[in-house]
Amino acid sequence: MPRVDILRRLVFYSLVGASGIVVNEVAFAVLQKALALVIAVLVALELSILWNFALNDSITFKDRRGSPFLARLLKFHSASAVGSMIQVTTTLVLFALYKGDPVNLVEVVGEVAGLPYFTAALLNLPGIMLGFVIRFAMSYLWVWNKRA
């Protein structure tokens, strides 16, 4: 029975995450044309984290709310931090590789990317995917664990 529970939650978590990717990518596509790349990535990321928390709290883990709302929100942000660092680092590294200078990340961080939407989305998507596994495991085991 626990495997069925994990699988069911993983499916819902994935669907929520897919909707969060849309939120992230749309925000990133708009923001990366006007802001430094790292700021665009971080703002888009925060919007998607808040979106994902709201849906996971009300759908995926609604029966596992063992701690107060604010505690769950803070735990989710903490759990998302590792995935977020992976996403930001991956996007910056891929952007640097795309620009042809993977060593000079300092310049890349402050640059306005100004890339076409599809290119920007492709550079941003791998980091989102890498953080997914970490976020789900921490969400299941810590954020929405009645014993935690």
# chains A, B, ... in the order shown; residues from 1 in each chain; ligands from 1
>>> residues_around(residues="Ser14 of chain A", least_positions_apart="5", cutoff="9 Å", atoms="only C-alpha atoms", output="VMD selection string")
chain A and resid 9 19 132 136
>>> write_last_selection(atoms="C-alpha atoms", output="PDB file, in the first residue's frame")
ATOM      1  CA  ARG A   9       1.327  11.337  -4.881  1.00  0.00           C
ATOM      2  CA  SER A  19       1.877  23.425 -14.221  1.00  0.00           C
ATOM      3  CA  PHE A 132      12.324  17.633  -9.282  1.00  0.00           C
ATOM      4  CA  PHE A 136       9.555  15.344  -4.295  1.00  0.00           C
TER       5      PHE A 136
END
>>> residues_around(residues="Leu42 of chain A", least_positions_apart="3", cutoff="12 Å", atoms="only C-alpha atoms", output="ChimeraX atom specification")
/A:24-25,27-28,31-32,35-39,45-49,81,84-89,91-92,109,124
>>> select_by_dssp(residues="chain A", states="helix (DSSP H, G or I)", output="ChimeraX atom specification")
/A:2-31,37-60,62-64,69-99,105-110,117-143
>>> residues_around(residues="Leu94 of chain A", least_positions_apart="6", cutoff="10 Å", atoms="only C-alpha atoms", output="ChimeraX atom specification")
/A:88,100-102,120,122-124,126-127
>>> atom_distance(atom1="atom CA of Arg72 of chain A", atom2="atom CA of Leu10 of chain A")
18.2 Å
>>> residues_around(residues="Ser139 of chain A", least_positions_apart="5", cutoff="10 Å", atoms="only C-alpha atoms", output="tab-separated table (two decimals) with C-alpha atoms, in the first residue's frame")
chain	number	residue	atom	x	y	z
A	13	TYR	CA	3.16	16.07	-7.69
A	53	PHE	CA	3.24	24.84	-2.80
A	56	ASN	CA	0.52	20.48	-3.50
A	61	PHE	CA	-0.73	16.26	0.34
A	72	ARG	CA	4.76	23.83	5.75
A	75	LYS	CA	9.71	23.71	4.93
A	76	PHE	CA	8.71	23.64	1.27
A	78	SER	CA	13.77	24.94	2.38
A	79	ALA	CA	13.21	21.74	0.44
A	80	SER	CA	13.08	23.75	-2.76
A	133	VAL	CA	13.56	14.43	-7.66
A	134	ILE	CA	15.03	16.25	-4.66
A	144	TRP	CA	4.06	16.91	4.45
A	145	ASN	CA	5.02	14.21	6.92
>>> atom_distance(atom1="atom CA of Gly83 of chain A", atom2="atom CA of Gly17 of chain A")
12.5 Å
